[in-house]
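So this block is data-v9.txt, compact mmCIF, C-alpha atoms (C1' of nucleotides):
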# COMPACT_ATOMS: atom_id res chain seq x y z
CA MET A 1 75.96 80.59 144.18
CA ARG A 2 72.95 78.52 145.21
CA PHE A 3 72.59 75.18 146.91
CA TRP A 4 70.37 72.28 145.93
CA LEU A 5 69.57 68.70 146.75
CA LEU A 6 69.27 65.92 144.18
CA LYS A 7 67.65 62.61 145.04
CA SER A 8 68.76 59.37 143.50
CA GLU A 9 68.34 55.74 144.36
CA PRO A 10 71.82 54.30 144.94
CA ASP A 11 70.69 50.96 143.50
CA VAL A 12 70.07 52.79 140.24
CA PHE A 13 72.66 55.56 140.32
CA GLY A 14 74.50 56.41 143.53
CA PHE A 15 77.21 58.90 144.35
CA ALA A 16 79.84 56.23 143.70
CA ASP A 17 78.48 55.95 140.17
CA LEU A 18 78.84 59.68 139.69
CA VAL A 19 82.45 59.42 140.85
CA ARG A 20 83.01 56.54 138.44
CA VAL A 21 81.60 58.30 135.39
CA GLY A 22 82.94 61.74 136.32
CA ARG A 23 80.03 63.66 134.87
CA GLU A 24 76.37 62.88 134.37
CA PRO A 25 73.34 64.46 132.70
CA TRP A 26 70.60 64.65 135.33
CA ASN A 27 67.85 63.43 133.05
CA GLY A 28 64.52 61.76 133.65
CA VAL A 29 63.04 64.38 135.97
CA ARG A 30 59.33 64.44 135.12
CA ASN A 31 57.84 66.67 137.74
CA TYR A 32 57.18 70.32 136.96
CA GLN A 33 58.28 71.73 140.28
CA ALA A 34 61.53 69.77 140.14
CA ARG A 35 62.03 70.80 136.52
CA ASN A 36 61.61 74.45 137.40
CA PHE A 37 64.31 74.13 140.02
CA LEU A 38 66.61 72.47 137.49
CA ARG A 39 66.09 75.47 135.24
CA GLU A 40 67.14 77.82 138.03
CA MET A 41 70.47 76.06 138.47
CA ARG A 42 73.62 77.79 137.34
CA GLU A 43 77.02 76.37 136.58
CA GLY A 44 78.98 76.18 139.82
CA ASP A 45 75.97 75.67 142.08
CA LEU A 46 76.50 72.92 144.63
CA CYS A 47 74.17 69.96 145.14
CA LEU A 48 73.81 67.62 148.06
CA PHE A 49 73.58 64.14 146.56
CA TYR A 50 70.82 62.35 148.43
CA HIS A 51 70.34 58.60 148.45
CA SER A 52 66.67 57.68 148.59
CA ASN A 53 65.31 54.17 149.05
CA ALA A 54 68.53 53.38 150.89
CA ARG A 55 69.59 52.28 154.33
CA PRO A 56 70.10 54.69 155.63
CA ALA A 57 68.55 57.28 153.35
CA GLY A 58 70.64 60.44 153.44
CA VAL A 59 73.24 62.67 151.86
CA ALA A 60 76.21 60.80 150.40
CA GLY A 61 78.25 63.63 148.95
CA VAL A 62 78.38 66.92 147.12
CA ALA A 63 78.11 67.42 143.38
CA ARG A 64 78.58 70.53 141.31
CA VAL A 65 76.50 71.75 138.42
CA CYS A 66 78.84 71.81 135.42
CA ARG A 67 76.24 72.70 132.78
CA ALA A 68 73.11 74.74 133.27
CA ALA A 69 69.71 73.46 132.13
CA TYR A 70 69.21 72.24 128.58
CA ALA A 71 66.71 69.93 126.91
CA ASP A 72 66.50 66.44 128.37
CA ASP A 73 67.23 64.19 125.39
CA LEU A 74 65.23 61.25 126.72
CA GLN A 75 61.92 63.04 126.15
CA PHE A 76 62.46 62.64 122.39
CA LYS A 77 63.41 58.94 122.45
CA PRO A 78 60.41 56.67 121.92
CA ASP A 79 62.22 53.72 123.45
CA SER A 80 62.91 55.53 126.69
CA LYS A 81 60.64 55.25 129.69
CA TYR A 82 61.06 59.02 129.89
CA PHE A 83 59.75 59.58 126.36
CA ASP A 84 57.12 62.31 126.24
CA PRO A 85 55.03 62.27 123.05
CA LYS A 86 53.60 65.67 123.92
CA SER A 87 56.99 67.34 123.92
CA SER A 88 58.62 68.81 120.83
CA VAL A 89 62.15 69.79 119.87
CA ASP A 90 60.95 73.34 119.27
CA ALA A 91 59.45 73.59 122.74
CA PRO A 92 61.03 70.95 124.95
CA ARG A 93 58.98 70.26 128.03
CA TRP A 94 61.72 68.72 130.19
CA SER A 95 65.18 69.90 131.15
CA MET A 96 68.31 68.48 132.66
CA VAL A 97 71.61 69.79 133.98
CA ASP A 98 75.02 68.12 134.04
CA VAL A 99 76.63 67.41 137.38
CA GLU A 100 80.08 66.26 138.47
CA PRO A 101 81.23 64.85 141.80
CA LEU A 102 82.98 67.19 144.22
CA ILE A 103 83.18 65.51 147.62
CA ALA A 104 82.27 62.00 148.78
CA PHE A 105 81.23 62.06 152.43
CA PRO A 106 83.19 59.71 154.71
CA GLN A 107 79.78 58.40 155.66
CA VAL A 108 76.19 59.20 154.77
CA VAL A 109 74.52 61.96 156.75
CA SER A 110 71.21 60.23 157.38
CA LEU A 111 67.76 61.67 156.98
CA ASP A 112 67.39 61.02 160.68
CA ALA A 113 70.41 63.22 161.38
CA LEU A 114 69.05 65.95 159.10
CA ARG A 115 65.76 65.88 160.97
CA GLY A 116 67.72 66.55 164.12
CA MET A 117 69.19 69.78 162.73
CA ALA A 118 67.39 73.08 163.21
CA GLU A 119 68.78 74.23 159.84
CA TRP A 120 66.71 71.58 158.05
CA GLU A 121 63.46 72.21 159.83
CA ALA A 122 61.91 74.41 157.13
CA SER A 123 62.99 72.23 154.20
CA ALA A 124 60.60 70.22 152.06
CA LEU A 125 63.00 67.30 152.38
CA THR A 126 62.27 66.63 156.02
CA ARG A 127 58.54 67.13 155.61
CA ARG A 128 56.64 63.92 155.79
CA GLY A 129 55.39 62.64 152.47
CA SER A 130 57.58 64.93 150.42
CA ARG A 131 58.48 63.38 147.09
CA LEU A 132 60.17 66.28 145.38
CA SER A 133 63.42 65.00 143.85
CA VAL A 134 65.10 68.34 143.15
CA LEU A 135 64.88 71.05 145.76
CA PRO A 136 66.64 74.18 146.93
CA VAL A 137 68.68 74.05 150.12
CA GLU A 138 69.31 76.96 152.46
CA PRO A 139 73.02 77.80 152.80
CA GLU A 140 72.80 77.19 156.54
CA ALA A 141 71.40 73.71 155.93
CA PHE A 142 74.10 73.01 153.35
CA TRP A 143 76.95 73.99 155.66
CA ALA A 144 75.42 72.22 158.64
CA THR A 145 75.27 69.03 156.59
CA LEU A 146 78.93 69.28 155.61
CA ASP A 147 79.80 69.94 159.22
CA ALA A 148 77.83 66.84 160.23
CA ALA A 149 79.80 64.86 157.65
CA GLY A 150 82.95 65.87 159.53
CA LEU A 151 84.30 68.02 156.73
CA SER A 152 86.21 71.19 157.27
CA LEU A 153 84.14 74.02 155.95
CA ASP A 154 87.17 76.05 154.91
CA GLU A 155 88.50 73.16 152.90
CA VAL A 156 85.18 72.67 151.16
CA ALA A 157 84.81 76.37 150.49
CA GLY A 158 88.22 76.22 148.84
CA LEU A 159 87.08 73.44 146.53
CA SER A 160 83.94 75.19 145.40
C1' DG B 1 36.65 72.30 136.81
C1' DC B 2 35.75 68.56 140.01
C1' DC B 3 37.26 64.45 141.89
C1' DA B 4 37.87 59.31 141.95
C1' DA B 5 41.06 56.13 140.36
C1' DC B 6 45.47 55.06 139.56
C1' DG B 7 50.58 54.92 139.54
C1' DT B 8 54.71 56.30 141.87
C1' DT B 9 57.70 57.69 145.58
C1' DG B 10 60.13 56.65 149.44
C1' DG B 11 60.42 55.91 154.56
C1' DC B 12 59.98 52.32 157.43
C1' DG C 1 56.89 44.24 151.39
C1' DC C 2 53.72 47.66 153.31
C1' DC C 3 51.41 51.68 152.92
C1' DA C 4 50.82 56.85 153.41
C1' DA C 5 51.32 60.72 150.67
C1' DC C 6 51.34 62.79 146.57
C1' DG C 7 50.89 63.98 141.42
C1' DT C 8 48.53 62.90 137.25
C1' DT C 9 44.89 61.26 134.42
C1' DG C 10 40.52 61.10 132.55
C1' DG C 11 35.40 60.70 132.91
C1' DC C 12 31.78 63.57 133.67

Once more with this new file: its structure as structure tokens, please.
Amino acid sequence: MRFWLLKSEPDVFGFADLVRVGREPWNGVRNYQARNFLREMREGDLCLFYHSNARPAGVAGVARVCRAAYADDLQFKPDSKYFDPKSSVDAPRWSMVDVEPLIAFPQVVSLDALRGMAEWEASALTRRGSRLSVLPVEPEAFWATLDAAGLSLDEVAGLS
DNA sequence: GCCAACGTTGGC
DNA sequence: GCCAACGTTGGC
């Protein structure tokens, strides 16, 4: 199993929204590096759900990949802001996965807190100016984040 | 293939 | 709201 981080603006779609809907296609990713990571995801992989443009910015919970990458439907919809006229059904340019909520953190583990953890030092997330919205997370960083959220690691391991 | 201009992201 | 950082576009 691999670990990932997904960014979302809570004003648009936060972890509470994921809990409300139960399952969500992670569409609208229009960056090649992020897309490539989406395509590496497998069902059962765990994702830290990161709130960007929030106060504080940080990880709000854990989601699970419940469907591996498939074509992002919005790229074919002319009315969508994510429409891509250069993409085709035969060779879709953009992909999405489906995710479902697993654990809501009692409180957000802030970006500030992550920056204070040695496990996050090498990550693109904590690098200044990083805008990547889908990125891999080292297992150590994943578990350190859950620990910082006050969650029992054994309990979480049992869930996943 | 270079690079300036532009639009977007996202912390603050 | 500001603005630094970054990715993309398009003229040449």

I need the chain A residues near chain C as a ChimeraX atom specification; criterion: at most 9 Å, counting only C-alpha atoms (C1' of nucleotides).
/A:31,128-131

For atom CA of Tyr32 of chain A and atom CA of Leu114 of chain A, the interatomic separation in Å (one decimal)
25.5 Å

Spatial neighbours of Leu6 of chain A, 7 Å, only C-alpha atoms (C1' of nucleotides), chain gap at least 6 places, as a ChimeraX atom specification:
/A:47-50,133-135

Mind checking which residues fall within 6 Å of Glu100 of chain A, counting only C-alpha atoms (C1' of nucleotides), ignoring those fewer than 6 positions away in the same chain, and posting them as a PDB file with C-alpha atoms, in the coordinates of the input?
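Okay, result-v1.pdb is ready:
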ATOM      1  CA  GLY A  22      82.940  61.740 136.320  1.00  0.00           C
ATOM      2  CA  ARG A  23      80.030  63.660 134.870  1.00  0.00           C
ATOM      3  CA  ALA A  63      78.110  67.420 143.380  1.00  0.00           C
ATOM      4  CA  ARG A  64      78.580  70.530 141.310  1.00  0.00           C
TER       5      ARG A  64
END

Counting all atoms listed in the file, what is within 12 Å of Trp94 of chain A, bar same-chain residues fewer than 3 positions away, as a VMD selection string?
chain A and resid 26 to 39 69 to 76 82 to 91 97

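For the pair atom CA of Met1 of chain A and atom CA of Ala104 of chain A, the separation is 20.2 Å.
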
Mind checking which residues fall within 10 Å of segment 9-13 of chain A, counting all atoms listed in the file, ignoring those fewer than 4 positions away in the same chain, and posting them as an mmCIF file with C-alpha atoms (C1' of nucleotides), in the coordinates of the input?
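Result file selection.cif:
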data_model
loop_
_atom_site.group_PDB
_atom_site.id
_atom_site.type_symbol
_atom_site.label_atom_id
_atom_site.label_comp_id
_atom_site.auth_asym_id
_atom_site.auth_seq_id
_atom_site.Cartn_x
_atom_site.Cartn_y
_atom_site.Cartn_z
ATOM 1 C CA ASP A 17 78.480 55.950 140.170
ATOM 2 C CA LEU A 18 78.840 59.680 139.690
ATOM 3 C CA TYR A 50 70.820 62.350 148.430
ATOM 4 C CA HIS A 51 70.340 58.600 148.450
ATOM 5 C CA SER A 52 66.670 57.680 148.590
ATOM 6 C CA ASN A 53 65.310 54.170 149.050
ATOM 7 C CA ALA A 54 68.530 53.380 150.890
ATOM 8 C CA ARG A 55 69.590 52.280 154.330
ATOM 9 C CA ALA A 57 68.550 57.280 153.350
ATOM 10 C CA ALA A 60 76.210 60.800 150.400
ATOM 11 C "C1'" DG B 10 60.130 56.650 149.440
#

In Å, how far is it from atom CA of Thr145 of chain A to atom CA of Val109 of chain A?
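If I compute the distance from atom CA of Thr145 of chain A to atom CA of Val109 of chain A, I get 7.1 Å.
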
At most 12 Å from (72.9, 79.5, 152.4), file frame, all atoms listed in the file: which residues, as an mmCIF file with C-alpha atoms, in the frame of the given file?
data_model
loop_
_atom_site.group_PDB
_atom_site.id
_atom_site.type_symbol
_atom_site.label_atom_id
_atom_site.label_comp_id
_atom_site.auth_asym_id
_atom_site.auth_seq_id
_atom_site.Cartn_x
_atom_site.Cartn_y
_atom_site.Cartn_z
ATOM 1 C CA MET A 1 75.960 80.590 144.180
ATOM 2 C CA ARG A 2 72.950 78.520 145.210
ATOM 3 C CA PHE A 3 72.590 75.180 146.910
ATOM 4 C CA TRP A 4 70.370 72.280 145.930
ATOM 5 C CA ASP A 45 75.970 75.670 142.080
ATOM 6 C CA LEU A 46 76.500 72.920 144.630
ATOM 7 C CA GLU A 119 68.780 74.230 159.840
ATOM 8 C CA TRP A 120 66.710 71.580 158.050
ATOM 9 C CA PRO A 136 66.640 74.180 146.930
ATOM 10 C CA VAL A 137 68.680 74.050 150.120
ATOM 11 C CA GLU A 138 69.310 76.960 152.460
ATOM 12 C CA PRO A 139 73.020 77.800 152.800
ATOM 13 C CA GLU A 140 72.800 77.190 156.540
ATOM 14 C CA ALA A 141 71.400 73.710 155.930
ATOM 15 C CA PHE A 142 74.100 73.010 153.350
ATOM 16 C CA TRP A 143 76.950 73.990 155.660
ATOM 17 C CA ALA A 144 75.420 72.220 158.640
ATOM 18 C CA THR A 145 75.270 69.030 156.590
#
